[in-house]
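Chemist: Shown below is the structure under consideration.
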Amino acid sequence: MTARLPGPPPKAELRAIGIRDDEYRVVATDELWWRVHRTTGEHVLAWNAFREHGPHLRFDPHPPPARHHDGVGVWYGASRPTPALAEAFQAERTIDRFRGDPYLTGLRFTREIRLLDLAADSAGAWPTRAGGTFALSTGPHSITQRWARRITEAFPHLDGLRYNSRFAREPCIALFVPAVAAMPARPMLSVPLTHPGLASRIAKAAQRLGYLVV
């Protein structure tokens with residue numbers, strides 16, 4: 001996998017490559033995006049808060065080592081509840097509806113956000129032009145985090161990235177600090193995973209993914 005996904009080029013080279021119009025994906029204010037998040041336990045963040053501790057996940061822009069980095073934040077979301085569940089419970093592949101009192105939250109952004117599109121259905125081919133591959137959505141975190149850091153250095157006003165869920169294949173997004181102002185004060189929907197109305201949806205998602213449910 002590492003041989004297929006090289007590290008990012010220098011910041012100056014990325015700036016020279018730039019981002020073409022067809023390599024952006026604009027998220028409109030009427031689109032609904034989803035997040036599964038814990039509400040109790042250690043290191044709990046609000047559903048609309050950007051995590052400044054890292055790097056931990058795929059496109060964390062924080063420099064190593066893993067610690068708190070003031071002003072360097074990331075927020076992950078998914079296009080549907082299924083990829084949100086897939087990403088949130090990927091470690092044990094078990095949808096635990098009780099530990100950490102997880103919630104499913106749906107939201108709409110308060111302004112359009114412009115994302116560099118790294119997903120397989122992108123109209124452009126930015127990863128290839130930049131010397132990488134579309135394995136950015138699935139490659140080792142040690143490499144994809146380097147890409148995230150270099151992208152935020154080269155394009156500091158970029159709202160974030162659009163990519164494919166490694167586990168559900170559907171679109172997900174990683175937002176950076178410029179997108180903080182686009183976060184709503186209230187979600188469209190926010191319910192605990194134990195809510196009876198989610199039982200069927202969670203069961204179908206688990207069946208598709210091959211995850212367990214507790």
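FYI, nothing fancy with the structure tokens labels: chains A, B, ... in order, residues from 1 per chain, ligands from 1 as they appear.
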So that I can check the surroundings of Ile17 of chain A, please list as a ChimeraX atom specification every protein, DNA and RNA residue that reaches within 8 Å of it, counting only C-alpha atoms and ignoring chain neighbours fewer than 2 positions away.

Modeler: /A:13-15,19,129-130

Chemist: Restricting it to N, CA and C atoms, dump the selection as an mmCIF file, in the first residue's frame.

Modeler:
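Contents of the output file again.cif:
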```cif
data_model
loop_
_atom_site.group_PDB
_atom_site.id
_atom_site.type_symbol
_atom_site.label_atom_id
_atom_site.label_comp_id
_atom_site.auth_asym_id
_atom_site.auth_seq_id
_atom_site.Cartn_x
_atom_site.Cartn_y
_atom_site.Cartn_z
ATOM 1 N N GLU A 13 5.387 23.238 -4.787
ATOM 2 C CA GLU A 13 4.958 22.466 -5.955
ATOM 3 C C GLU A 13 3.446 22.298 -5.975
ATOM 4 N N LEU A 14 2.862 22.055 -4.805
ATOM 5 C CA LEU A 14 1.404 21.933 -4.744
ATOM 6 C C LEU A 14 0.739 23.241 -5.147
ATOM 7 N N ARG A 15 1.294 24.350 -4.698
ATOM 8 C CA ARG A 15 0.719 25.647 -5.064
ATOM 9 C C ARG A 15 0.809 25.864 -6.568
ATOM 10 N N ILE A 19 -5.511 24.012 -7.893
ATOM 11 C CA ILE A 19 -6.741 23.217 -7.889
ATOM 12 C C ILE A 19 -7.630 23.741 -9.011
ATOM 13 N N ARG A 129 -2.639 14.334 -10.532
ATOM 14 C CA ARG A 129 -1.854 15.494 -10.964
ATOM 15 C C ARG A 129 -0.827 15.904 -9.916
ATOM 16 N N ALA A 130 -1.152 15.664 -8.634
ATOM 17 C CA ALA A 130 -0.262 16.062 -7.547
ATOM 18 C C ALA A 130 0.806 15.009 -7.249
#
```

Chemist: Write out as a ChimeraX atom specification each polymer residue whose atoms come within 8 Å of segment 159-174 of chain A, counting only C-alpha atoms; drop sequence neighbours fewer than 6 positions from it.

Modeler: /A:25,59,74-80,82-83,86-87,90,113-120,136-138,209

Chemist: Just the selected residues (N, CA and C atoms), exported as a PDB file, in the first residue's frame, please.

Modeler:
```
ATOM      1  N   ARG A  25     -15.353  20.313  -5.026  1.00  0.00           N
ATOM      2  CA  ARG A  25     -16.739  19.884  -4.839  1.00  0.00           C
ATOM      3  C   ARG A  25     -17.375  20.887  -3.882  1.00  0.00           C
ATOM      4  N   PHE A  59      -7.208  12.286   7.787  1.00  0.00           N
ATOM      5  CA  PHE A  59      -6.792  13.574   7.251  1.00  0.00           C
ATOM      6  C   PHE A  59      -6.567  14.617   8.346  1.00  0.00           C
ATOM      7  N   VAL A  74      -9.891  19.789  13.007  1.00  0.00           N
ATOM      8  CA  VAL A  74     -10.480  18.967  11.954  1.00  0.00           C
ATOM      9  C   VAL A  74     -11.845  18.487  12.411  1.00  0.00           C
ATOM     10  N   TRP A  75     -12.746  18.349  11.460  1.00  0.00           N
ATOM     11  CA  TRP A  75     -14.107  17.853  11.732  1.00  0.00           C
ATOM     12  C   TRP A  75     -14.468  16.877  10.618  1.00  0.00           C
ATOM     13  N   TYR A  76     -14.941  15.684  10.996  1.00  0.00           N
ATOM     14  CA  TYR A  76     -15.287  14.657  10.020  1.00  0.00           C
ATOM     15  C   TYR A  76     -16.800  14.468   9.947  1.00  0.00           C
ATOM     16  N   GLY A  77     -17.307  14.300   8.743  1.00  0.00           N
ATOM     17  CA  GLY A  77     -18.725  14.039   8.534  1.00  0.00           C
ATOM     18  C   GLY A  77     -18.921  13.074   7.393  1.00  0.00           C
ATOM     19  N   ALA A  78     -20.149  12.605   7.231  1.00  0.00           N
ATOM     20  CA  ALA A  78     -20.466  11.617   6.201  1.00  0.00           C
ATOM     21  C   ALA A  78     -21.738  12.010   5.470  1.00  0.00           C
ATOM     22  N   SER A  79     -21.863  11.550   4.236  1.00  0.00           N
ATOM     23  CA  SER A  79     -22.989  11.920   3.384  1.00  0.00           C
ATOM     24  C   SER A  79     -24.287  11.220   3.776  1.00  0.00           C
ATOM     25  N   ARG A  80     -24.184  10.094   4.485  1.00  0.00           N
ATOM     26  CA  ARG A  80     -25.375   9.365   4.933  1.00  0.00           C
ATOM     27  C   ARG A  80     -25.076   8.744   6.287  1.00  0.00           C
ATOM     28  N   THR A  82     -25.166   5.608   7.165  1.00  0.00           N
ATOM     29  CA  THR A  82     -24.403   4.362   7.089  1.00  0.00           C
ATOM     30  C   THR A  82     -22.903   4.592   7.095  1.00  0.00           C
ATOM     31  N   PRO A  83     -22.342   5.447   6.224  1.00  0.00           N
ATOM     32  CA  PRO A  83     -20.902   5.683   6.331  1.00  0.00           C
ATOM     33  C   PRO A  83     -20.507   6.357   7.640  1.00  0.00           C
ATOM     34  N   ALA A  86     -20.210   3.485   9.901  1.00  0.00           N
ATOM     35  CA  ALA A  86     -19.057   2.678   9.506  1.00  0.00           C
ATOM     36  C   ALA A  86     -17.761   3.276  10.008  1.00  0.00           C
ATOM     37  N   GLU A  87     -17.624   4.600   9.861  1.00  0.00           N
ATOM     38  CA  GLU A  87     -16.398   5.262  10.271  1.00  0.00           C
ATOM     39  C   GLU A  87     -16.273   5.318  11.801  1.00  0.00           C
ATOM     40  N   GLN A  90     -15.377   1.671  13.266  1.00  0.00           N
ATOM     41  CA  GLN A  90     -14.491   0.861  12.432  1.00  0.00           C
ATOM     42  C   GLN A  90     -13.527   0.010  13.235  1.00  0.00           C
ATOM     43  N   ILE A 113     -19.565  25.342   1.214  1.00  0.00           N
ATOM     44  CA  ILE A 113     -18.167  25.041   1.509  1.00  0.00           C
ATOM     45  C   ILE A 113     -17.537  24.412   0.265  1.00  0.00           C
ATOM     46  N   ARG A 114     -16.282  24.801   0.022  1.00  0.00           N
ATOM     47  CA  ARG A 114     -15.545  24.326  -1.152  1.00  0.00           C
ATOM     48  C   ARG A 114     -14.492  23.329  -0.698  1.00  0.00           C
ATOM     49  N   LEU A 115     -14.591  22.127  -1.259  1.00  0.00           N
ATOM     50  CA  LEU A 115     -13.727  21.033  -0.850  1.00  0.00           C
ATOM     51  C   LEU A 115     -12.864  20.565  -2.010  1.00  0.00           C
ATOM     52  N   LEU A 116     -11.640  20.216  -1.718  1.00  0.00           N
ATOM     53  CA  LEU A 116     -10.804  19.533  -2.692  1.00  0.00           C
ATOM     54  C   LEU A 116     -11.322  18.105  -2.791  1.00  0.00           C
ATOM     55  N   ASP A 117     -11.719  17.692  -3.997  1.00  0.00           N
ATOM     56  CA  ASP A 117     -12.386  16.409  -4.173  1.00  0.00           C
ATOM     57  C   ASP A 117     -11.376  15.307  -4.460  1.00  0.00           C
ATOM     58  N   LEU A 118     -11.191  14.418  -3.485  1.00  0.00           N
ATOM     59  CA  LEU A 118     -10.278  13.289  -3.609  1.00  0.00           C
ATOM     60  C   LEU A 118     -11.028  11.981  -3.827  1.00  0.00           C
ATOM     61  N   ALA A 119     -12.369  12.048  -3.900  1.00  0.00           N
ATOM     62  CA  ALA A 119     -13.184  10.846  -4.013  1.00  0.00           C
ATOM     63  C   ALA A 119     -13.096  10.240  -5.406  1.00  0.00           C
ATOM     64  N   ALA A 120     -13.429   8.973  -5.496  1.00  0.00           N
ATOM     65  CA  ALA A 120     -13.306   8.246  -6.763  1.00  0.00           C
ATOM     66  C   ALA A 120     -14.235   8.787  -7.837  1.00  0.00           C
ATOM     67  N   LEU A 136      -5.553   7.881  -1.591  1.00  0.00           N
ATOM     68  CA  LEU A 136      -5.616   8.795  -0.449  1.00  0.00           C
ATOM     69  C   LEU A 136      -6.798   8.476   0.463  1.00  0.00           C
ATOM     70  N   SER A 137      -7.855   7.916  -0.099  1.00  0.00           N
ATOM     71  CA  SER A 137      -9.030   7.575   0.707  1.00  0.00           C
ATOM     72  C   SER A 137      -8.824   6.302   1.523  1.00  0.00           C
ATOM     73  N   THR A 138      -7.810   5.510   1.175  1.00  0.00           N
ATOM     74  CA  THR A 138      -7.660   4.199   1.816  1.00  0.00           C
ATOM     75  C   THR A 138      -6.246   3.915   2.304  1.00  0.00           C
ATOM     76  N   LEU A 209     -22.661  -3.732   6.355  1.00  0.00           N
ATOM     77  CA  LEU A 209     -21.243  -3.607   6.677  1.00  0.00           C
ATOM     78  C   LEU A 209     -20.649  -4.872   7.269  1.00  0.00           C
TER      79      LEU A 209
END
```

Chemist: Write down as an NGL selection string the residues of chain A whose backbone DSSP state falls under strand (DSSP E or B).

Modeler: :A and (24-27 or 33-37 or 51 or 53-54 or 67-68 or 74-78 or 94-95 or 103-107 or 113-117 or 160-164 or 171-175 or 189-192 or 212-213)

Chemist: Can you pull out the residues contacting Ala148 of chain A? Cut-off 9 Å, using only C-alpha atoms, and skip same-chain residues under 6 positions away; I want them as a list of chain:residue names.

Modeler: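 Counting only the stated atoms, we get A:Pro8, A:Arg58, A:Phe59, A:Asp60, A:Pro61, A:His62, A:Leu161.
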
Chemist: For Asp121 of chain A, which residue among A:Leu107, A:Gly18, A:Glu23, A:Ala179 is the nearest when counting only C-alpha atoms?

Modeler: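 Smallest distance to Asp121 of chain A is found for A:Glu23.
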
Chemist: Residues of segment 133-207 of chain A classed as helix (DSSP H, G or I) by DSSP on the backbone are to be reported as a PyMOL selection string.

Modeler: chain A and resi 134-137+141-154+177-182+196-207

Chemist: Extract, using only C-alpha atoms, all DNA, RNA and protein residues at most 12 Å from Pro65 of chain A, discarding same-chain residues fewer than 4 positions from it, and format them as a ChimeraX atom specification.

Modeler: /A:53-56,60-61,69,142,145

Chemist: Taking C-alpha atoms for each residue, export the selection above as a JSON list (two decimals), in the first residue's frame.

Modeler:
```json
[["chain", "number", "residue", "atom", "x", "y", "z"],
["A", 53, "HIS", "CA", -5.86, 17.04, 19.47],
["A", 54, "GLY", "CA", -4.06, 14.86, 17.01],
["A", 55, "PRO", "CA", -2.99, 13.51, 14.63],
["A", 56, "HIS", "CA", -5.17, 10.41, 15.02],
["A", 60, "ASP", "CA", -5.78, 15.12, 10.55],
["A", 61, "PRO", "CA", -3.68, 18.20, 9.68],
["A", 69, "HIS", "CA", -2.50, 21.87, 18.75],
["A", 142, "SER", "CA", 0.92, 8.04, 8.36],
["A", 145, "GLN", "CA", -1.89, 12.82, 7.36]]
```

Chemist: Pick from A:Ala46, A:Ala28, A:Ala205, A:Val72: nearest to Pro187 of chain A, with only C-alpha atoms counted?

Modeler: A:Ala46

Chemist: Tell me which of A:Thr144, A:Thr128, A:Thr94, A:Thr40 sits closest to Leu57 of chain A, counting only C-alpha atoms.

Modeler: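 Of the candidates, the smallest distance to Leu57 of chain A is held by A:Thr144.
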
Chemist: If you measure from atom CA of Val213 of chain A to atom CA of Arg99 of chain A, what distance in Å do you get, rounded to one decimal?

Modeler: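 Answer for the atom CA of Val213 of chain A to atom CA of Arg99 of chain A separation: 11.9 Å.
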
Chemist: Of the residues A:Gly197, A:Pro178, A:Gly139, A:Gly124, which is the one nearest to Gly73 of chain A, using only C-alpha atoms?

Modeler: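 Closest candidate: A:Pro178.
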
Chemist: Skipping near chain neighbours, those fewer than 2 positions away, what residues fall within 7 Å of Thr105 of chain A using only C-alpha atoms, listed as a PyMOL selection string?

Modeler: chain A and resi 34-36+103+107+187+189-191
